[in-house]
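Quick look at data32.tsv (TSV, C-alpha atoms and all ligand atoms):
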```
chain	number	residue	atom	x	y	z
A	15	MET	CA	-6.91	16.48	-12.49
A	16	SER	CA	-3.95	14.96	-10.70
A	17	ASN	CA	-4.25	17.56	-7.92
A	18	ASN	CA	-7.94	16.73	-7.57
A	19	LYS	CA	-7.12	13.06	-7.32
A	20	SER	CA	-4.56	13.79	-4.61
A	21	LEU	CA	-7.10	15.89	-2.67
A	22	TYR	CA	-9.82	13.21	-2.95
A	23	ARG	CA	-7.35	10.58	-1.83
A	24	ASN	CA	-6.32	12.62	1.23
A	25	ILE	CA	-9.97	13.15	2.20
A	26	ILE	CA	-10.87	9.47	1.71
A	27	GLN	CA	-7.81	8.34	3.69
A	28	VAL	CA	-8.69	10.61	6.62
A	29	ILE	CA	-12.33	9.40	6.57
A	30	PHE	CA	-11.27	5.74	6.68
A	31	LEU	CA	-8.64	6.43	9.36
A	32	LEU	CA	-11.36	8.02	11.51
A	33	LEU	CA	-13.69	5.09	10.81
A	34	PHE	CA	-10.94	2.67	11.80
A	35	ALA	CA	-10.29	4.61	15.03
A	36	PHE	CA	-14.04	4.66	15.76
A	37	PHE	CA	-14.25	0.86	15.36
A	38	ALA	CA	-11.09	0.36	17.47
A	39	PHE	CA	-12.26	2.54	20.38
A	40	ASN	CA	-15.74	1.02	20.38
A	41	GLY	CA	-14.60	-2.61	20.31
A	42	LYS	CA	-16.05	-3.17	16.82
A	43	MET	CA	-12.88	-4.02	14.91
A	44	GLN	CA	-14.57	-7.08	13.38
A	45	LEU	CA	-16.56	-4.61	11.23
A	46	TRP	CA	-13.31	-3.73	9.44
A	47	ILE	CA	-13.54	-7.21	7.87
A	48	ILE	CA	-16.39	-5.76	5.75
A	49	VAL	CA	-14.05	-3.00	4.53
A	50	PHE	CA	-11.43	-5.69	3.77
A	51	GLY	CA	-14.06	-7.65	1.81
A	52	ILE	CA	-15.08	-4.60	-0.23
A	53	GLY	CA	-11.38	-3.79	-0.86
A	54	LEU	CA	-10.84	-7.31	-2.16
A	55	LEU	CA	-13.83	-7.09	-4.49
A	56	ILE	CA	-12.95	-3.70	-5.94
A	57	SER	CA	-9.35	-4.84	-6.51
A	58	LEU	CA	-10.73	-7.14	-9.22
A	59	ILE	CA	-11.81	-4.06	-11.17
A	60	TRP	CA	-9.62	-1.14	-10.05
A	61	GLY	CA	-6.59	-2.82	-8.48
A	62	ARG	CA	-5.24	-2.38	-4.94
A	63	ILE	CA	-7.13	0.87	-4.36
A	64	TYR	CA	-7.63	-0.32	-0.76
A	65	CYS	CA	-3.85	0.02	-0.18
A	66	GLY	CA	-3.45	3.50	-1.59
A	67	TRP	CA	-6.76	5.04	-0.58
A	68	ILE	CA	-8.26	3.21	2.42
A	69	CYS	CA	-5.67	1.33	4.48
A	70	PRO	CA	-5.17	3.08	7.86
A	71	ILE	CA	-1.63	1.68	8.06
A	72	ASN	CA	-0.72	3.36	4.79
A	73	THR	CA	-2.26	6.63	5.98
A	74	VAL	CA	-0.17	6.56	9.16
A	75	LEU	CA	2.94	5.63	7.14
A	76	ARG	CA	2.36	8.57	4.79
A	77	VAL	CA	2.51	10.92	7.78
A	78	LYS	CA	5.65	9.16	8.99
A	79	LYS	CA	7.27	9.49	5.56
A	80	TYR	CA	6.42	13.19	5.43
A	81	ILE	CA	8.08	13.79	8.83
A	82	TYR	CA	11.15	11.68	7.92
A	83	ASN	CA	11.58	13.57	4.65
A	84	LYS	CA	11.35	16.91	6.46
A	85	LEU	CA	13.88	15.82	9.08
A	86	ASN	CA	16.06	14.02	6.54
A	87	ILE	CA	15.83	10.70	8.40
A	88	ASN	CA	16.75	7.56	6.48
A	89	GLU	CA	15.26	4.15	7.18
A	90	PHE	CA	17.01	0.77	6.88
A	91	ASP	CA	16.49	-1.25	3.71
A	92	THR	CA	14.33	-4.38	3.88
A	93	PRO	CA	16.49	-7.32	5.11
A	94	GLU	CA	17.08	-9.85	2.33
A	95	PHE	CA	15.55	-12.81	4.20
A	96	ILE	CA	12.20	-10.95	4.50
A	97	LYS	CA	12.00	-10.85	0.70
A	98	HIS	CA	11.68	-14.64	0.42
A	99	PRO	CA	8.13	-15.39	-0.91
A	100	PHE	CA	7.73	-18.07	1.77
A	101	ILE	CA	7.67	-15.41	4.52
A	102	ARG	CA	4.56	-13.59	3.26
A	103	TRP	CA	2.58	-16.84	2.97
A	104	VAL	CA	3.58	-17.92	6.48
A	105	ILE	CA	2.42	-14.55	7.83
A	106	LEU	CA	-0.90	-14.82	5.97
A	107	PHE	CA	-1.37	-18.37	7.29
A	108	LEU	CA	-0.64	-17.29	10.90
A	109	PHE	CA	-2.97	-14.30	10.58
A	110	VAL	CA	-5.89	-16.31	9.21
A	111	THR	CA	-5.33	-19.22	11.60
A	112	THR	CA	-5.21	-16.92	14.63
A	113	MET	CA	-8.45	-15.22	13.55
A	114	ILE	CA	-10.25	-18.54	13.01
A	115	VAL	CA	-9.02	-20.07	16.29
A	116	SER	CA	-9.85	-16.94	18.32
A	117	ARG	CA	-13.39	-16.92	16.86
A	118	ARG	CA	-13.82	-20.64	17.36
A	119	PHE	CA	-12.86	-20.48	21.05
A	120	ASN	CA	-14.33	-17.04	21.62
A	121	ILE	CA	-10.98	-15.49	22.57
A	122	GLN	CA	-10.93	-11.70	22.28
A	123	ILE	CA	-7.86	-10.83	20.18
A	124	ASN	CA	-7.91	-7.54	18.31
A	125	MET	CA	-5.77	-8.90	15.47
A	126	ILE	CA	-6.26	-6.02	13.04
A	127	LEU	CA	-5.25	-3.46	15.65
A	128	TYR	CA	-2.18	-5.53	16.61
A	129	VAL	CA	-1.21	-5.78	12.95
A	130	LEU	CA	-1.39	-1.99	12.67
A	131	ILE	CA	0.82	-1.57	15.75
A	132	VAL	CA	3.40	-4.08	14.47
A	133	ALA	CA	3.41	-2.41	11.03
A	134	PHE	CA	3.97	0.98	12.60
A	135	ILE	CA	6.78	-0.16	14.92
A	136	LEU	CA	8.61	-1.89	12.04
A	137	SER	CA	8.16	1.09	9.79
A	138	ILE	CA	9.79	3.42	12.31
A	139	PHE	CA	13.06	1.72	11.41
A	140	TYR	CA	12.55	0.21	7.96
A	141	ASP	CA	11.52	1.47	4.55
A	142	GLU	CA	7.72	1.23	4.24
A	143	GLU	CA	8.19	-1.09	1.26
A	144	MET	CA	8.95	-3.83	3.80
A	145	TRP	CA	5.42	-3.73	5.13
A	146	HIS	CA	3.47	-3.11	1.90
A	147	LYS	CA	5.34	-5.57	-0.26
A	148	TYR	CA	6.56	-8.33	2.03
A	149	LEU	CA	4.72	-8.49	5.36
A	150	CYS	CA	1.14	-7.25	5.09
A	151	PRO	CA	-1.15	-10.33	5.11
A	152	TYR	CA	-3.92	-8.48	3.31
A	153	GLY	CA	-1.44	-7.22	0.70
A	154	VAL	CA	-0.65	-10.87	-0.17
A	155	LEU	CA	-4.32	-11.48	-0.99
A	156	LEU	CA	-4.63	-8.23	-2.90
A	157	SER	CA	-1.57	-8.98	-5.03
A	158	LEU	CA	-3.51	-12.07	-6.25
A	159	THR	CA	-6.87	-10.41	-6.96
A	160	ASN	CA	-5.05	-7.43	-8.48
A	161	LYS	CA	-4.08	-9.66	-11.42
A	162	ALA	CA	-7.69	-9.72	-12.64
A	163	ASN	CA	-7.86	-5.93	-12.90
A	164	ASN	CA	-7.09	-4.74	-16.41
A	165	LYS	CA	-6.67	-1.05	-15.55
A	166	LYS	CA	-3.04	-0.36	-14.67
A	167	ILE	CA	-0.71	2.52	-13.91
A	168	LYS	CA	1.53	2.88	-16.95
A	169	ILE	CA	4.43	5.03	-18.10
A	170	ASP	CA	4.28	6.44	-21.59
A	171	GLU	CA	7.83	5.94	-22.86
A	172	LYS	CA	7.42	8.68	-25.45
A	173	LEU	CA	6.57	11.30	-22.81
A	174	CYS	CA	8.95	10.15	-20.07
A	175	LYS	CA	12.06	12.34	-19.66
A	176	GLN	CA	13.74	9.88	-17.27
A	177	CYS	CA	13.91	12.44	-14.46
A	178	ASN	CA	13.52	9.57	-11.93
A	179	LEU	CA	11.15	11.56	-9.68
A	180	CYS	CA	8.47	8.87	-9.80
A	181	GLU	CA	11.04	6.19	-8.97
A	182	LYS	CA	12.23	8.15	-5.91
A	183	ASN	CA	8.70	8.79	-4.64
A	184	CYS	CA	7.15	5.35	-5.09
A	185	PRO	CA	6.53	3.96	-1.57
A	186	ASN	CA	6.80	0.40	-2.83
A	187	ASN	CA	9.99	0.84	-4.90
A	188	ILE	CA	8.45	-0.79	-7.95
A	189	ILE	CA	9.36	1.76	-10.61
A	190	THR	CA	12.42	1.24	-12.81
A	191	ILE	CA	13.60	4.17	-14.87
A	192	THR	CA	16.66	3.86	-17.07
A	193	LYS	CA	17.38	5.10	-20.59
A	194	GLU	CA	16.33	1.73	-21.93
A	195	VAL	CA	13.47	0.79	-19.58
A	196	GLN	CA	10.64	2.75	-17.93
A	197	MET	CA	8.36	0.35	-16.14
A	198	ILE	CA	6.14	-0.24	-13.10
A	199	GLY	CA	5.93	-3.59	-11.27
A	200	GLU	CA	2.14	-3.75	-11.55
A	201	LYS	CA	1.55	-6.65	-9.17
A	202	GLU	CA	2.73	-4.68	-6.14
A	203	CYS	CA	1.31	-1.30	-7.14
A	204	LEU	CA	-0.63	0.38	-4.30
A	205	TYR	CA	-2.52	2.69	-6.67
A	206	CYS	CA	-1.50	5.62	-4.50
A	207	PHE	CA	-0.84	7.78	-7.62
A	208	LYS	CA	2.18	9.43	-5.99
A	209	CYS	CA	4.14	8.74	-9.17
A	210	GLN	CA	1.50	10.54	-11.22
A	211	ASP	CA	1.41	13.44	-8.74
A	212	VAL	CA	5.15	14.10	-9.08
A	213	CYS	CA	5.50	13.56	-12.84
A	214	GLN	CA	5.72	16.95	-14.51
A	215	PHE	CA	5.47	15.55	-18.01
A	216	ASP	CA	2.11	13.77	-17.75
A	217	ALA	CA	3.88	10.55	-18.64
A	218	ILE	CA	1.99	8.40	-16.13
A	219	SER	CA	-1.60	7.34	-16.63
A	220	TYR	CA	-4.12	4.90	-15.25
A	221	LYS	CA	-5.68	3.03	-18.14
A	222	LYS	CA	-6.46	-0.34	-19.78
A	301	LIG	S1	8.39	11.34	-13.17
A	301	LIG	FE1	7.53	11.20	-15.26
A	301	LIG	S2	9.17	11.94	-16.59
A	301	LIG	FE2	10.11	11.53	-14.61
A	301	LIG	S3	10.88	9.43	-14.81
A	301	LIG	FE3	8.82	9.27	-13.96
A	301	LIG	S4	7.45	8.99	-15.72
A	301	LIG	FE4	9.42	9.73	-16.50
A	302	LIG	S1	3.79	2.83	-9.00
A	302	LIG	FE1	2.81	4.79	-8.52
A	302	LIG	S2	0.75	4.23	-7.85
A	302	LIG	FE2	1.99	2.36	-7.78
A	302	LIG	S3	2.78	2.26	-5.67
A	302	LIG	FE3	4.32	3.31	-6.88
A	302	LIG	S4	3.84	5.50	-6.65
A	302	LIG	FE4	2.03	4.34	-6.00
```
Represent the structure from my file as C-alpha cells, please.
Ligand code: SF4
Ligand code: SF4
Amino acid sequence: MSNNKSLYRNIIQVIFLLLFAFFAFNGKMQLWIIVFGIGLLISLIWGRIYCGWICPINTVLRVKKYIYNKLNINEFDTPEFIKHPFIRWVILFLFVTTMIVSRRFNIQINMILYVLIVAFILSIFYDEEMWHKYLCPYGVLLSLTNKANNKKIKIDEKLCKQCNLCEKNCPNNIITITKEVQMIGEKECLYCFKCQDVCQFDAISYKK
C-alpha cells in the first residue's frame, strides 16, 4: 500500500509540475491561484497535501535531494534568525501586498514563478526545511488551515523500534525519535509520507 502511495504521489507531482510549466510558458501563472485555492480547501480535511503532492517547488527539491544524497553533498542548516516567527509573516505580507499592488496597477509581475526561483536558489545551499517551514508564504497559510484537519500522520509507539530512519528522511525535520518520545510535529507536516515509506515496521499511519 505504501509503495502504491509513493507511486501515485510521484505521478501526481509530475502532472502538477508539467501543469505549472505549461502555465508559466504560456503566461497563465495566475491560473495557479486556483490550484492554491483548492490546496487550501483540501488542507481543512486532509492536511497540507498540497505541499507533499502538488507543490512544484517541493517536486524540484525532491530531485535536488536525490542528487545531493547520491553525491553525498551536505547543505547548511537554517540560520537561527530565519526561524523567528516574525520572518514568515513579513514574507507572507510582502507576497500578498505585491500581488495586490501589481494587480491594482496592472503591473506584470510573475510572483509565483519568482518565488519558485528564489526557493530553488536558497535550497541549493540550505536544507530544504528552511523553505518549507520558515519561508514559503503559502506554507504559512497552510499551517493555519492544517489545524482544522483531524487526520494526522502518527507514530504507533508500540510498533516503533526507534531505528530513526523516519527522522533522518523527513524533509521538514519534524520527527523526534528517542527512547522516551516518538512524535511528529503535526503543524508543519507536508504529508509527503516519506516517513511511512521508509518505516519497515509499519509504525507510521495516517488516521484520525
Ligand atoms: S522508521 Fe518506523 S520504526 Fe524507525 S523510528 Fe521511525 S517510526 Fe520508529
Ligand atoms: S512527518 Fe512524514 S509526512 Fe510529515 S513531512 Fe515528515 S516525512 Fe513527510
Problem - All residues 7 Å or closer to A:Ile63, only C-alpha atoms, same chain fewer than 5 positions away omitted, as a list in words - result: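 Neighbouring residues, sequence-local ones excluded: Ser57, Leu204 and Tyr205 of chain A.
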Each residue of chain A lying at most 9 Å from ligand LIG 302 (chain A) should get a row with its shortest atom-to-atom pair and the distance in Å to one decimal, counting all atoms listed in the file; could you produce that, ordered by chain and increasing number, as JSON lines?
```
{"residue": "A:Cys65", "atom": "CA", "partner": "A:LIG302", "partner_atom": "S3", "distance": 8.9}
{"residue": "A:Gly66", "atom": "CA", "partner": "A:LIG302", "partner_atom": "FE4", "distance": 7.1}
{"residue": "A:Lys166", "atom": "CA", "partner": "A:LIG302", "partner_atom": "FE2", "distance": 9.0}
{"residue": "A:Ile167", "atom": "CA", "partner": "A:LIG302", "partner_atom": "S2", "distance": 6.5}
{"residue": "A:Lys168", "atom": "CA", "partner": "A:LIG302", "partner_atom": "S1", "distance": 8.3}
{"residue": "A:Cys180", "atom": "CA", "partner": "A:LIG302", "partner_atom": "S4", "distance": 6.5}
{"residue": "A:Glu181", "atom": "CA", "partner": "A:LIG302", "partner_atom": "S4", "distance": 7.6}
{"residue": "A:Lys182", "atom": "CA", "partner": "A:LIG302", "partner_atom": "S4", "distance": 8.8}
{"residue": "A:Asn183", "atom": "CA", "partner": "A:LIG302", "partner_atom": "S4", "distance": 6.2}
{"residue": "A:Cys184", "atom": "CA", "partner": "A:LIG302", "partner_atom": "S4", "distance": 3.7}
{"residue": "A:Pro185", "atom": "CA", "partner": "A:LIG302", "partner_atom": "FE3", "distance": 5.8}
{"residue": "A:Asn186", "atom": "CA", "partner": "A:LIG302", "partner_atom": "S3", "distance": 5.3}
{"residue": "A:Asn187", "atom": "CA", "partner": "A:LIG302", "partner_atom": "FE3", "distance": 6.5}
{"residue": "A:Ile188", "atom": "CA", "partner": "A:LIG302", "partner_atom": "FE3", "distance": 5.9}
{"residue": "A:Ile189", "atom": "CA", "partner": "A:LIG302", "partner_atom": "S1", "distance": 5.9}
{"residue": "A:Met197", "atom": "CA", "partner": "A:LIG302", "partner_atom": "S1", "distance": 8.8}
{"residue": "A:Ile198", "atom": "CA", "partner": "A:LIG302", "partner_atom": "S1", "distance": 5.6}
{"residue": "A:Gly199", "atom": "CA", "partner": "A:LIG302", "partner_atom": "S1", "distance": 7.1}
{"residue": "A:Glu200", "atom": "CA", "partner": "A:LIG302", "partner_atom": "FE2", "distance": 7.2}
{"residue": "A:Glu202", "atom": "CA", "partner": "A:LIG302", "partner_atom": "S3", "distance": 7.0}
{"residue": "A:Cys203", "atom": "CA", "partner": "A:LIG302", "partner_atom": "FE2", "distance": 3.8}
{"residue": "A:Leu204", "atom": "CA", "partner": "A:LIG302", "partner_atom": "S3", "distance": 4.1}
{"residue": "A:Tyr205", "atom": "CA", "partner": "A:LIG302", "partner_atom": "S2", "distance": 3.8}
{"residue": "A:Cys206", "atom": "CA", "partner": "A:LIG302", "partner_atom": "FE4", "distance": 4.0}
{"residue": "A:Phe207", "atom": "CA", "partner": "A:LIG302", "partner_atom": "S2", "distance": 3.9}
{"residue": "A:Lys208", "atom": "CA", "partner": "A:LIG302", "partner_atom": "S4", "distance": 4.3}
{"residue": "A:Cys209", "atom": "CA", "partner": "A:LIG302", "partner_atom": "S4", "distance": 4.1}
{"residue": "A:Gln210", "atom": "CA", "partner": "A:LIG302", "partner_atom": "FE1", "distance": 6.5}
{"residue": "A:Asp211", "atom": "CA", "partner": "A:LIG302", "partner_atom": "S4", "distance": 8.6}
{"residue": "A:Ile218", "atom": "CA", "partner": "A:LIG302", "partner_atom": "FE1", "distance": 8.5}
{"residue": "A:Tyr220", "atom": "CA", "partner": "A:LIG302", "partner_atom": "S2", "distance": 8.9}
```
Problem - Residue among A:Ala133, A:Ile25, A:Phe119, A:Lys221 lying closest to A:Ile59, counting all atoms listed in the file - result: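 Ranking A:Ala133, A:Ile25, A:Phe119, A:Lys221 by distance to A:Ile59, first place goes to A:Lys221.
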Give as a PDB file with C-alpha atoms, keeping the file's coordinate frame the residues surrounding ligand LIG 301 (chain A) up to a distance of 8 Å, considering all atoms listed in the file.
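out_23.pdb was written with the following content:
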```pdb
ATOM      1  CA  ILE A 169       4.430   5.030 -18.100  1.00  0.00           C
ATOM      2  CA  ASP A 170       4.280   6.440 -21.590  1.00  0.00           C
ATOM      3  CA  GLU A 171       7.830   5.940 -22.860  1.00  0.00           C
ATOM      4  CA  LEU A 173       6.570  11.300 -22.810  1.00  0.00           C
ATOM      5  CA  CYS A 174       8.950  10.150 -20.070  1.00  0.00           C
ATOM      6  CA  LYS A 175      12.060  12.340 -19.660  1.00  0.00           C
ATOM      7  CA  GLN A 176      13.740   9.880 -17.270  1.00  0.00           C
ATOM      8  CA  CYS A 177      13.910  12.440 -14.460  1.00  0.00           C
ATOM      9  CA  ASN A 178      13.520   9.570 -11.930  1.00  0.00           C
ATOM     10  CA  LEU A 179      11.150  11.560  -9.680  1.00  0.00           C
ATOM     11  CA  CYS A 180       8.470   8.870  -9.800  1.00  0.00           C
ATOM     12  CA  GLU A 181      11.040   6.190  -8.970  1.00  0.00           C
ATOM     13  CA  ILE A 191      13.600   4.170 -14.870  1.00  0.00           C
ATOM     14  CA  GLN A 196      10.640   2.750 -17.930  1.00  0.00           C
ATOM     15  CA  CYS A 209       4.140   8.740  -9.170  1.00  0.00           C
ATOM     16  CA  GLN A 210       1.500  10.540 -11.220  1.00  0.00           C
ATOM     17  CA  VAL A 212       5.150  14.100  -9.080  1.00  0.00           C
ATOM     18  CA  CYS A 213       5.500  13.560 -12.840  1.00  0.00           C
ATOM     19  CA  GLN A 214       5.720  16.950 -14.510  1.00  0.00           C
ATOM     20  CA  PHE A 215       5.470  15.550 -18.010  1.00  0.00           C
ATOM     21  CA  ASP A 216       2.110  13.770 -17.750  1.00  0.00           C
ATOM     22  CA  ALA A 217       3.880  10.550 -18.640  1.00  0.00           C
ATOM     23  CA  ILE A 218       1.990   8.400 -16.130  1.00  0.00           C
TER      24      ILE A 218
END
```
Completion exercise
Using all atoms listed in the file, the shortest atom-to-atom distance to A:Lys161 among A:Tyr140, A:Ile87, A:Gly61, A:Phe37 belongs to A:Gly61
Exercise for the section: Could you check how far atom CA of A:Glu143 sits from atom CA of A:Asp91, in Å to one decimal? Expected result: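 These atoms are spaced 8.7 Å apart.
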Exercise for the section: Do a neighbour search on A:Ile121 at 10 Å with only C-alpha atoms, toss out local chain neighbours closer than 6 positions, and write the hits as a list in words. Expected result: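 My reading of the contact set: Thr112, Met113 and Val115 of chain A.
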Handout entry: Straight-line distance linking atom CA of A:Pro70 with atom CA of A:Phe30, stated in Å to one decimal
Key = 6.8 Å
Practice task
Go through A:Ile114, A:Leu21, A:Ile29, A:Ile56 and flag the residue nearest A:Thr159, using only C-alpha atoms for the distances.
Solution key: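 Comparing A:Ile114, A:Leu21, A:Ile29, A:Ile56 against A:Thr159, the winner is A:Ile56.
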Practice task
Provide the atom CA of A:Leu136 to atom CA of A:Asn72 distance in Å, to one decimal place.
Solution key: 12.9 Å
Any chance you could tabulate, as JSON lines, the residues of stretch 66-130 of chain A at most 9 Å from stretch 40-45 of chain A with each one's nearest atom pair and distance in Å to one decimal, using all atoms listed in the file, in chain and rising number order?
```
{"residue": "A:Asn124", "atom": "CA", "partner": "A:Met43", "partner_atom": "CA", "distance": 7.0}
{"residue": "A:Met125", "atom": "CA", "partner": "A:Met43", "partner_atom": "CA", "distance": 8.6}
{"residue": "A:Ile126", "atom": "CA", "partner": "A:Met43", "partner_atom": "CA", "distance": 7.2}
{"residue": "A:Leu127", "atom": "CA", "partner": "A:Met43", "partner_atom": "CA", "distance": 7.7}
```
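Minimum atom-to-atom distance to A:Asn164, evaluated using all atoms listed in the file, belongs to A:Arg62 out of A:Ile68, A:Val195, A:Arg62, A:Arg23.
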Specify the axis-aligned box that encloses all atoms of stretch 98-111 of chain A listed in the file after padding of 4 Å on each side, stating its centre and edge lengths in Å to one decimal as lines of an AutoDock Vina configuration file.
```
center_x = 2.9
center_y = -16.4
center_z = 5.3
size_x = 25.6
size_y = 13.6
size_z = 20.5
```
Practice task
Identify, on the basis of only C-alpha atoms, every residue whose closest approach to A:Ser137 does not exceed 9 Å; exclude the query and any residue fewer than 6 positions from it along the same chain; express the result as a PyMOL selection string.
Solution key: chain A and resi 75+78+89+143-145
Would you save the residues of that selection, restricted to C-alpha atoms, as a CSV table (one decimal), in the frame of the given file?
```csv
chain,number,residue,atom,x,y,z
A,75,LEU,CA,2.9,5.6,7.1
A,78,LYS,CA,5.6,9.2,9.0
A,89,GLU,CA,15.3,4.2,7.2
A,143,GLU,CA,8.2,-1.1,1.3
A,144,MET,CA,9.0,-3.8,3.8
A,145,TRP,CA,5.4,-3.7,5.1
```
Handout entry: Nearby residues (all atoms listed in the file) at most 10 Å from A:Ile26, same-chain spacing under 6 positions excluded, as a PyMOL selection string
Key = chain A and resi 20+32+67-68
Problem - Test item: residues at most 9 Å from A:Val154, all atoms listed in the file, excluding those fewer than 6 positions along its chain, as an MDAnalysis selection string - result: chainID A and resid 102:103 106 147:148
Practice task
Select, from A:Leu31, A:Phe36, A:Lys201, A:Pro93, the residue with the minimum atom-to-atom distance to A:Phe139, counting only C-alpha atoms.
Solution key: A:Pro93
Exercise for the section: Using all atoms listed in the file, pick whichever of A:Ser116, A:Val132, A:Leu156, A:Phe109 has the shortest atom-to-atom distance to A:Phe50. Expected result: A:Leu156
